[in-house]
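Participant: This is final20.cif, which holds mmCIF, C-alpha atoms:
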```cif
data_data
loop_
_atom_site.label_atom_id
_atom_site.label_comp_id
_atom_site.auth_asym_id
_atom_site.auth_seq_id
_atom_site.Cartn_x
_atom_site.Cartn_y
_atom_site.Cartn_z
CA MET A 3 167.91 171.37 176.16
CA LYS A 4 168.07 174.96 177.26
CA LYS A 5 167.00 176.17 180.67
CA THR A 6 164.55 178.99 181.29
CA VAL A 7 166.47 182.11 182.19
CA LEU A 8 165.11 185.55 183.09
CA PHE A 9 167.34 188.47 182.38
CA ASN A 10 167.89 192.20 182.36
CA LEU A 11 170.73 192.99 180.01
CA ILE A 12 172.15 195.46 177.61
CA SER A 13 170.23 194.46 174.49
CA ALA A 14 170.94 197.07 172.06
CA ILE A 15 172.93 199.03 169.76
CA MET A 16 171.71 200.22 166.43
CA LYS A 17 172.67 198.71 163.09
CA CYS A 18 175.21 201.44 162.47
CA LYS A 19 178.64 200.50 163.87
CA LEU A 20 179.09 204.02 165.24
CA PHE A 21 175.98 203.65 167.38
CA ARG A 22 177.05 200.22 168.49
CA LYS A 23 180.26 201.66 169.84
CA CYS A 24 178.72 204.71 171.47
CA ILE A 25 175.23 203.85 172.68
CA PHE A 26 174.52 201.40 175.47
CA VAL A 27 170.99 201.03 176.76
CA PHE A 28 169.53 198.55 179.20
CA SER A 29 166.77 196.51 177.64
CA LEU A 30 163.62 196.07 179.65
CA GLY A 31 163.09 192.77 177.91
CA PHE A 32 163.00 189.58 179.91
CA PHE A 33 162.30 186.78 177.46
CA ALA A 34 165.37 184.63 178.00
CA MET A 35 163.49 181.39 177.67
CA GLY A 36 163.83 177.67 177.41
CA ALA A 37 165.39 175.83 174.53
CA MET A 38 163.40 176.21 171.39
CA ALA A 39 165.09 173.14 169.96
CA ASN A 40 163.68 171.12 172.86
CA ASN A 41 160.36 172.80 173.45
CA PRO A 42 157.71 170.26 172.46
CA LEU A 43 157.22 170.11 168.73
CA ALA A 44 153.70 171.20 167.80
CA THR A 45 151.28 168.30 167.35
CA LYS A 46 149.61 167.52 164.04
CA GLN A 47 146.44 169.16 165.29
CA GLN A 48 148.26 172.29 166.41
CA ILE A 49 150.02 172.48 163.05
CA ALA A 50 146.71 172.10 161.22
CA ASN A 51 145.12 174.79 163.40
CA PHE A 52 147.98 177.26 162.98
CA LYS A 53 146.36 179.16 160.13
CA ASN A 54 143.46 180.02 162.44
CA SER A 55 145.76 181.56 165.02
CA LYS A 56 146.80 185.19 165.09
CA THR A 57 150.57 185.56 164.95
CA CYS A 58 151.90 188.13 167.40
CA VAL A 59 155.33 189.52 166.56
CA VAL A 60 156.95 190.42 169.86
CA MET A 61 159.06 193.56 169.74
CA GLU A 62 162.08 193.88 172.02
CA SER A 63 162.06 196.67 174.62
CA GLY A 64 164.62 199.47 174.48
CA VAL A 65 166.84 200.06 171.48
CA SER A 66 167.22 196.82 169.55
CA PHE A 67 168.50 195.98 166.10
CA PHE A 68 166.09 193.00 166.12
CA ASN A 69 162.91 195.04 165.80
CA ALA A 70 163.33 196.95 162.53
CA PRO A 71 164.38 194.06 160.23
CA VAL A 72 161.79 191.69 161.70
CA LYS A 73 158.98 194.21 161.39
CA ASP A 74 159.95 195.02 157.81
CA ALA A 75 160.22 191.34 156.80
CA VAL A 76 156.89 190.39 158.39
CA GLN A 77 155.09 193.28 156.72
CA LYS A 78 156.52 192.28 153.33
CA TYR A 79 156.48 188.49 153.45
CA TRP A 80 154.24 187.03 156.16
CA LYS A 81 151.22 185.32 154.55
CA ALA A 82 150.67 182.25 156.74
CA SER A 83 148.24 183.92 159.17
CA GLY A 84 146.99 187.25 160.38
CA TYR A 85 149.59 189.11 162.41
CA GLU A 86 149.98 191.90 164.92
CA PHE A 87 153.00 193.61 166.49
CA ILE A 88 152.96 193.59 170.28
CA ASP A 89 155.29 194.55 173.13
CA GLN A 90 156.59 192.21 175.78
CA LYS A 91 154.00 193.21 178.38
CA GLU A 92 151.26 192.18 175.97
CA PHE A 93 153.09 188.94 175.31
CA GLU A 94 152.94 188.18 179.02
CA LYS A 95 149.15 188.53 178.86
CA ARG A 96 148.68 186.43 175.71
CA ARG A 97 151.25 183.65 176.00
CA THR A 98 148.81 181.35 177.84
CA ASP A 99 146.26 181.55 175.03
CA PRO A 100 146.64 178.90 172.28
CA ALA A 101 144.60 181.10 169.95
CA TYR A 102 147.81 183.10 169.51
CA SER A 103 151.10 182.13 167.91
CA PHE A 104 154.23 184.19 168.43
CA ILE A 105 157.34 185.23 166.55
CA VAL A 106 159.66 186.09 169.42
CA LEU A 107 163.33 186.42 170.28
CA MET A 108 164.20 183.83 172.92
CA GLU A 109 167.39 183.01 174.76
CA GLY A 110 168.76 180.02 176.60
CA ALA A 111 171.67 177.65 177.11
CA TYR A 112 172.06 173.97 176.33
CA ASP A 113 172.18 171.90 179.52
CA LYS A 114 175.22 170.00 178.34
CA ASP A 115 177.13 173.06 177.16
CA PRO A 116 180.19 172.97 179.45
CA GLY A 117 180.68 176.71 179.08
CA GLY A 118 177.05 177.50 179.93
CA VAL A 119 176.88 179.59 176.76
CA SER A 120 173.45 180.94 175.84
CA TYR A 121 172.10 181.80 172.42
CA SER A 122 169.44 184.06 170.93
CA TYR A 123 166.84 182.38 168.72
CA ILE A 124 164.04 183.75 166.58
CA SER A 125 161.21 181.34 167.30
CA LEU A 126 157.70 180.62 166.12
CA VAL A 127 155.74 179.13 169.03
CA LEU A 128 152.15 178.65 170.15
CA GLY A 129 150.55 179.94 173.32
CA ASP A 130 150.21 177.33 176.05
CA ALA A 131 147.63 177.30 178.86
CA SER A 132 150.21 176.16 181.43
CA GLY A 133 152.01 179.48 181.24
CA ASN A 134 155.29 177.54 181.25
CA LEU A 135 157.56 179.09 178.64
CA THR A 136 159.42 175.83 178.02
CA LYS A 137 156.14 174.06 177.23
CA MET A 138 155.06 176.42 174.46
CA PRO A 139 154.65 174.21 171.37
CA GLU A 140 157.30 175.00 168.81
CA PHE A 141 156.96 175.27 165.06
CA CYS A 142 160.39 176.63 164.24
CA SER A 143 163.51 178.11 165.85
CA ILE A 144 166.58 179.60 164.16
CA PRO A 145 169.70 180.67 166.09
CA LEU A 146 170.69 184.30 165.46
CA SER A 147 173.59 185.04 167.81
CA TYR A 148 175.33 184.36 171.08
CA SER A 149 173.43 186.10 173.87
CA GLY A 150 174.70 189.59 174.61
CA ASP A 151 176.64 189.89 171.36
CA LEU A 152 176.31 193.61 170.64
CA ASP A 153 178.06 193.24 167.28
CA ALA A 154 175.80 190.50 165.95
CA ASP A 155 175.10 191.01 162.25
CA TYR A 156 171.99 189.00 161.48
CA GLU A 157 169.86 191.61 159.74
CA TYR A 158 170.57 190.21 156.28
CA VAL A 159 169.22 186.74 157.14
CA ILE A 160 165.90 187.90 158.67
CA PRO A 161 163.88 188.10 155.39
CA ALA A 162 164.91 184.56 154.49
CA VAL A 163 164.09 183.31 158.00
CA ILE A 164 160.58 184.81 157.92
CA LYS A 165 159.99 183.14 154.55
CA PHE A 166 161.51 179.87 155.78
CA MET A 167 159.18 179.70 158.78
CA GLN A 168 156.23 179.56 156.40
CA ILE A 169 157.87 176.92 154.20
CA HIS A 170 158.63 174.92 157.33
CA LEU A 171 154.99 175.09 158.47
CA LYS A 172 153.88 173.46 155.22
CA ASN A 173 156.54 170.76 155.52
CA LEU A 174 155.49 170.04 159.10
CA GLU A 175 151.98 169.27 157.85
CA LYS A 176 153.23 166.40 155.69
CA ASP A 177 156.59 165.43 157.21
CA ARG A 178 156.31 166.00 160.93
CA LEU A 179 157.94 162.67 161.87
CA PRO A 180 161.17 163.02 159.84
CA ILE A 181 161.47 166.64 160.93
CA SER A 182 161.05 165.63 164.57
CA ILE A 183 163.89 163.11 164.11
CA ASN A 184 166.29 165.19 162.03
CA GLY A 185 165.49 168.74 163.09
CA LEU A 186 166.66 171.36 160.62
CA ARG A 187 169.08 168.85 159.07
CA TYR A 188 165.94 167.54 157.35
CA TYR A 189 166.64 170.24 154.74
CA ASN A 190 170.28 169.40 154.05
CA LYS A 191 171.10 169.02 150.38
CA THR A 192 174.25 168.36 148.36
CA GLY A 193 175.62 169.30 144.96
CA PHE A 194 175.47 173.04 144.32
CA LYS A 195 177.30 173.19 141.00
CA ASP A 196 174.53 175.26 139.40
CA LYS A 197 174.49 177.84 142.19
CA VAL A 198 176.70 180.67 143.39
CA LEU A 199 177.69 180.27 147.03
CA LEU A 200 178.08 183.57 148.92
CA LEU A 201 180.35 182.97 151.91
CA ASN A 202 180.90 185.36 154.79
CA LYS A 203 184.67 185.87 154.78
CA GLU A 204 184.53 187.05 158.39
CA LYS A 205 183.07 183.70 159.51
CA MET A 206 185.32 181.11 157.86
CA ALA A 207 187.57 178.63 159.65
CA SER A 208 191.31 179.05 159.09
CA ASN A 209 191.57 175.96 156.85
CA VAL A 210 189.22 177.53 154.27
CA ASP A 211 189.63 181.30 154.77
CA SER A 212 190.99 182.25 151.35
CA PRO A 213 189.91 181.72 147.73
CA GLU A 214 192.90 179.45 147.16
CA LYS A 215 192.07 177.17 150.10
CA ILE A 216 188.40 176.97 149.11
CA LYS A 217 189.13 176.19 145.45
CA ALA A 218 191.22 173.23 146.60
CA VAL A 219 188.16 171.60 148.18
CA TYR A 220 185.14 173.21 146.48
CA PRO A 221 185.13 173.29 142.65
CA TYR A 222 181.93 175.29 142.17
CA ASP A 223 181.23 179.01 141.96
CA PHE A 224 181.60 181.01 145.18
CA LYS A 225 182.32 184.50 146.44
CA LEU A 226 183.92 185.58 149.71
CA LEU A 227 182.10 188.67 150.98
CA SER A 228 182.07 190.84 154.07
CA THR A 229 178.82 191.10 156.01
CA SER A 230 178.06 194.51 154.48
CA GLU A 231 178.83 193.21 150.98
CA MET A 232 176.58 190.21 151.65
CA GLN A 233 173.72 192.46 152.67
CA GLU A 234 174.19 194.61 149.57
CA LYS A 235 174.31 191.60 147.28
CA LEU A 236 171.18 190.02 148.75
CA ALA A 237 169.24 193.27 148.37
CA SER A 238 169.17 192.61 144.62
CA SER A 239 167.47 189.19 145.18
CA PRO A 240 170.02 187.17 143.16
CA ILE A 241 168.77 183.98 141.52
CA ASN A 242 170.55 180.60 141.72
CA THR A 243 172.42 181.89 144.74
CA LEU A 244 172.90 180.51 148.23
CA PHE A 245 174.20 182.62 151.09
CA HIS A 246 175.99 181.70 154.29
CA PHE A 247 174.79 182.64 157.76
CA HIS A 248 176.96 181.85 160.79
CA VAL A 249 176.39 182.02 164.53
CA GLY A 250 179.52 181.62 166.60
CA SER A 251 181.58 182.69 169.54
CA THR A 252 182.51 186.32 170.16
CA LYS A 253 185.17 185.32 172.69
CA GLY A 254 187.69 183.90 170.25
CA GLY A 255 188.07 180.74 172.33
CA GLY A 256 186.86 177.18 172.40
CA ALA A 257 183.50 177.85 174.06
CA GLY A 258 179.98 176.92 173.05
CA LYS A 259 178.69 175.90 169.67
CA CYS A 260 178.74 177.34 166.20
CA PHE A 261 175.89 177.08 163.69
CA GLU A 262 176.28 177.12 159.91
CA MET A 263 173.35 177.71 157.55
CA LEU A 264 172.88 178.16 153.82
CA PHE A 265 169.69 179.84 152.55
CA ASN A 266 168.49 181.31 149.29
CA VAL A 267 166.60 184.59 149.14
CA GLU A 268 163.30 182.71 148.67
CA GLY A 269 163.68 181.33 152.20
CA ASN A 270 164.68 177.78 151.35
CA LEU A 271 167.18 176.22 153.75
CA TYR A 272 169.82 174.12 151.97
CA TYR A 273 172.20 173.34 154.81
CA TYR A 274 172.17 173.40 158.60
CA ASN A 275 174.88 172.17 160.94
CA SER A 276 175.93 172.79 164.53
CA ARG A 277 178.99 171.59 166.41
CA LYS A 278 180.97 172.20 169.55
CA ILE A 279 183.81 174.72 169.23
CA THR A 280 187.14 173.44 170.46
CA ASN A 281 190.75 174.58 170.18
CA ASP A 282 191.31 171.77 167.68
CA ASN A 283 188.09 172.44 165.81
CA PRO A 284 187.69 176.23 165.95
CA ASP A 285 184.79 178.47 165.06
CA GLY A 286 183.68 179.04 161.48
CA PHE A 287 182.45 177.34 158.30
CA ASN A 288 185.11 174.70 157.79
CA LEU A 289 186.42 171.89 155.63
CA ASN A 290 183.89 169.41 157.01
CA ASP A 291 181.05 171.77 156.06
CA PHE A 292 182.32 171.82 152.47
CA ASN A 293 182.54 168.03 152.51
CA ASN A 294 178.95 167.88 153.77
CA ILE A 295 177.56 169.89 150.86
CA MET A 296 179.59 168.22 148.05
#
```
Starting from the coordinates I provided, produce the structure as structure tokens.

Facilitator:
Amino acid sequence: MKKTVLFNLISAIMKCKLFRKCIFVFSLGFFAMGAMANNPLATKQQIANFKNSKTCVVMESGVSFFNAPVKDAVQKYWKASGYEFIDQKEFEKRRTDPAYSFIVLMEGAYDKDPGGVSYSYISLVLGDASGNLTKMPEFCSIPLSYSGDLDADYEYVIPAVIKFMQIHLKNLEKDRLPISINGLRYYNKTGFKDKVLLLNKEKMASNVDSPEKIKAVYPYDFKLLSTSEMQEKLASSPINTLFHFHVGSTKGGGAGKCFEMLFNVEGNLYYYNSRKITNDNPDGFNLNDFNNIM
């Protein structure tokens, strides 16, 4: 479970690498919140009532590379409810009202994380009358980056995440119990011989970081791409294709957790896994992940 944390930090840096290196602005945002994975899962009644809520998409203050891709994806793909874009001050006013749901960037650390590492999540939550951020009923939360990672490249996964949230809402209506037990591993599938697997070559563990190493353990079609190549490829909405999204350490050491996900462009989640990073089991999509999807 993650603890509620309030913060003032450097949030930003534009998508362009040049801006990321040259521009540093202090975010006025303060929504470093409790663990989305351990916020109370929305009840059946709250899930049923979701469509009657208004979904407020909370924009980050200052310069943020979160805002543009989320706004674009919501405008294109959000159909589950009415929506409105709001700033963080307005969120403070509305978060106690269960008539509102929120798509919001939240941050927090797992209690049992020995390194005290915190993570940024894009979360879909419901307003709660208590005003306690950790008690806001949760529909969905997807990790995006380690907190404070100014080089995080998650723009390419945002359209799929916005679509997935809506798929997940429908699944919660009929399968709330197994989802509450299994979390996002509820979606894990195996056997991808009819699909092309796009892997982020910058986020692979050393035991599977080349075509030769991967072919030795994974007999199906795959491509190793850079983040920019991944984004370009996904822009064409390829069919029968899964793509890899990774959240991991920026410190190059054995600290915190890493998260591995496989989506398609329609927003279906095919694989989700998280594990502790250690010196013996370093960061990145690894041999065990390939074994899990075979």

Participant: Suppose you want the space between CA of Phe194 in chain A and CA of Ile216 in chain A; what is it in Å?

Facilitator: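 The value is 14.3 Å.
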
Participant: Here is a test: counting all atoms listed in the file, which residue of A:Met167, A:Ala218, A:Ala162, A:Val198 is nearest to Phe265 in chain A?

Facilitator: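 Closest to Phe265 in chain A, using all atoms listed in the file: A:Ala162.
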
Participant: For Asp74 in chain A, which residue among A:Asp130, A:Glu157, A:Asp89, A:Glu109 is the nearest when counting only C-alpha atoms?

Facilitator: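 The closest residue to Asp74 in chain A is A:Glu157.
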
Participant: Since I can't run it myself right now, could you work out what the PyMOL selection byres ((chain A and resi 231) around 12) selects here and report it as a list in words?

Facilitator: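 Output from the PyMOL selection byres ((chain A and resi 231) around 12), applied to this file: Tyr158, Leu200, Leu201, Asn202, Lys203, Glu204, Lys225, Leu226, Leu227, Ser228, Thr229, Ser230, Met232, Gln233, Glu234, Lys235, Leu236, Ala237, Ser238 and Phe245 of chain A.
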
Participant: Please measure the separation of CA of Trp80 in chain A and CA of Lys56 in chain A, giving the value in Å to one decimal.

Facilitator: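 Result for CA of Trp80 in chain A versus CA of Lys56 in chain A: 11.8 Å, one decimal.
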
Participant: Apply the PyMOL selection byres ((chain A and resi 133) around 12) to the file shown and report the selected residues as a PDB file with C-alpha atoms, in the frame of the given file.

Facilitator:
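Written file, result05.pdb:
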```
ATOM      1  CA  PHE A  93     153.090 188.940 175.310  1.00  0.00           C
ATOM      2  CA  GLU A  94     152.940 188.180 179.020  1.00  0.00           C
ATOM      3  CA  LYS A  95     149.150 188.530 178.860  1.00  0.00           C
ATOM      4  CA  ARG A  96     148.680 186.430 175.710  1.00  0.00           C
ATOM      5  CA  ARG A  97     151.250 183.650 176.000  1.00  0.00           C
ATOM      6  CA  THR A  98     148.810 181.350 177.840  1.00  0.00           C
ATOM      7  CA  ASP A  99     146.260 181.550 175.030  1.00  0.00           C
ATOM      8  CA  PRO A 100     146.640 178.900 172.280  1.00  0.00           C
ATOM      9  CA  LEU A 128     152.150 178.650 170.150  1.00  0.00           C
ATOM     10  CA  GLY A 129     150.550 179.940 173.320  1.00  0.00           C
ATOM     11  CA  ASP A 130     150.210 177.330 176.050  1.00  0.00           C
ATOM     12  CA  ALA A 131     147.630 177.300 178.860  1.00  0.00           C
ATOM     13  CA  SER A 132     150.210 176.160 181.430  1.00  0.00           C
ATOM     14  CA  ASN A 134     155.290 177.540 181.250  1.00  0.00           C
ATOM     15  CA  LEU A 135     157.560 179.090 178.640  1.00  0.00           C
ATOM     16  CA  THR A 136     159.420 175.830 178.020  1.00  0.00           C
ATOM     17  CA  LYS A 137     156.140 174.060 177.230  1.00  0.00           C
ATOM     18  CA  MET A 138     155.060 176.420 174.460  1.00  0.00           C
ATOM     19  CA  PRO A 139     154.650 174.210 171.370  1.00  0.00           C
TER      20      PRO A 139
END
```

Participant: Neighbouring residues of Asn270 in chain A were defined as those with any atom within 9 Å, considering all atoms listed in the file; residues of the same chain fewer than 6 positions away were excluded. Please report them as a ChimeraX atom specification.

Facilitator: /A:162-163,165-166,169-170,189,264

Participant: If I take CA of Thr45 in chain A and CA of Ile183 in chain A, how far is one from the other in Å, to one decimal?

Facilitator: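 These two atoms are separated by 14.0 Å.
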
Participant: Output requested as a tab-separated table (two decimals), in the coordinates of the input - range 81-108 of chain A, filled out with N, CA and C atoms.

Facilitator:
```tsv
chain	number	residue	atom	x	y	z
A	81	LYS	N	152.53	185.63	155.15
A	81	LYS	CA	151.22	185.32	154.55
A	81	LYS	C	150.51	184.17	155.25
A	82	ALA	N	151.19	183.50	156.18
A	82	ALA	CA	150.67	182.25	156.74
A	82	ALA	C	149.49	182.45	157.67
A	83	SER	N	149.32	183.64	158.23
A	83	SER	CA	148.24	183.92	159.17
A	83	SER	C	148.11	185.42	159.32
A	84	GLY	N	147.06	185.86	160.00
A	84	GLY	CA	146.99	187.25	160.38
A	84	GLY	C	148.08	187.55	161.41
A	85	TYR	N	148.52	188.79	161.47
A	85	TYR	CA	149.59	189.11	162.41
A	85	TYR	C	149.36	190.46	163.07
A	86	GLU	N	150.06	190.66	164.16
A	86	GLU	CA	149.98	191.90	164.92
A	86	GLU	C	151.31	192.09	165.64
A	87	PHE	N	151.79	193.31	165.74
A	87	PHE	CA	153.00	193.61	166.49
A	87	PHE	C	152.62	193.99	167.91
A	88	ILE	N	153.28	193.33	168.88
A	88	ILE	CA	152.96	193.59	170.28
A	88	ILE	C	154.25	193.81	171.07
A	89	ASP	N	154.13	194.40	172.26
A	89	ASP	CA	155.29	194.55	173.13
A	89	ASP	C	155.35	193.38	174.09
A	90	GLN	N	156.38	193.35	174.91
A	90	GLN	CA	156.59	192.21	175.78
A	90	GLN	C	155.56	192.12	176.91
A	91	LYS	N	155.06	193.24	177.36
A	91	LYS	CA	154.00	193.21	178.38
A	91	LYS	C	152.75	192.53	177.84
A	92	GLU	N	152.42	192.81	176.58
A	92	GLU	CA	151.26	192.18	175.97
A	92	GLU	C	151.51	190.69	175.75
A	93	PHE	N	152.74	190.35	175.44
A	93	PHE	CA	153.09	188.94	175.31
A	93	PHE	C	152.84	188.19	176.61
A	94	GLU	N	153.19	188.80	177.72
A	94	GLU	CA	152.94	188.18	179.02
A	94	GLU	C	151.46	187.85	179.21
A	95	LYS	N	150.58	188.73	178.72
A	95	LYS	CA	149.15	188.53	178.86
A	95	LYS	C	148.64	187.42	177.93
A	96	ARG	N	149.23	187.31	176.75
A	96	ARG	CA	148.68	186.43	175.71
A	96	ARG	C	149.33	185.06	175.63
A	97	ARG	N	150.48	184.87	176.24
A	97	ARG	CA	151.25	183.65	176.00
A	97	ARG	C	150.57	182.39	176.51
A	98	THR	N	149.55	182.52	177.36
A	98	THR	CA	148.81	181.35	177.84
A	98	THR	C	147.63	180.98	176.95
A	99	ASP	N	147.43	181.74	175.89
A	99	ASP	CA	146.26	181.55	175.03
A	99	ASP	C	146.67	180.86	173.73
A	100	PRO	N	146.25	179.61	173.50
A	100	PRO	CA	146.64	178.90	172.28
A	100	PRO	C	145.98	179.44	171.01
A	101	ALA	N	145.14	180.46	171.15
A	101	ALA	CA	144.60	181.10	169.95
A	101	ALA	C	145.65	182.01	169.30
A	102	TYR	N	146.75	182.25	170.03
A	102	TYR	CA	147.81	183.10	169.51
A	102	TYR	C	149.07	182.27	169.24
A	103	SER	N	149.74	182.60	168.16
A	103	SER	CA	151.10	182.13	167.91
A	103	SER	C	152.01	183.35	168.01
A	104	PHE	N	153.31	183.09	168.16
A	104	PHE	CA	154.23	184.19	168.43
A	104	PHE	C	155.54	184.03	167.65
A	105	ILE	N	155.97	185.12	167.05
A	105	ILE	CA	157.34	185.23	166.55
A	105	ILE	C	158.08	186.06	167.59
A	106	VAL	N	159.07	185.45	168.25
A	106	VAL	CA	159.66	186.09	169.42
A	106	VAL	C	161.13	185.73	169.52
A	107	LEU	N	161.92	186.66	170.02
A	107	LEU	CA	163.33	186.42	170.28
A	107	LEU	C	163.46	185.76	171.65
A	108	MET	N	164.05	184.57	171.68
A	108	MET	CA	164.20	183.83	172.92
A	108	MET	C	165.68	183.52	173.16
```
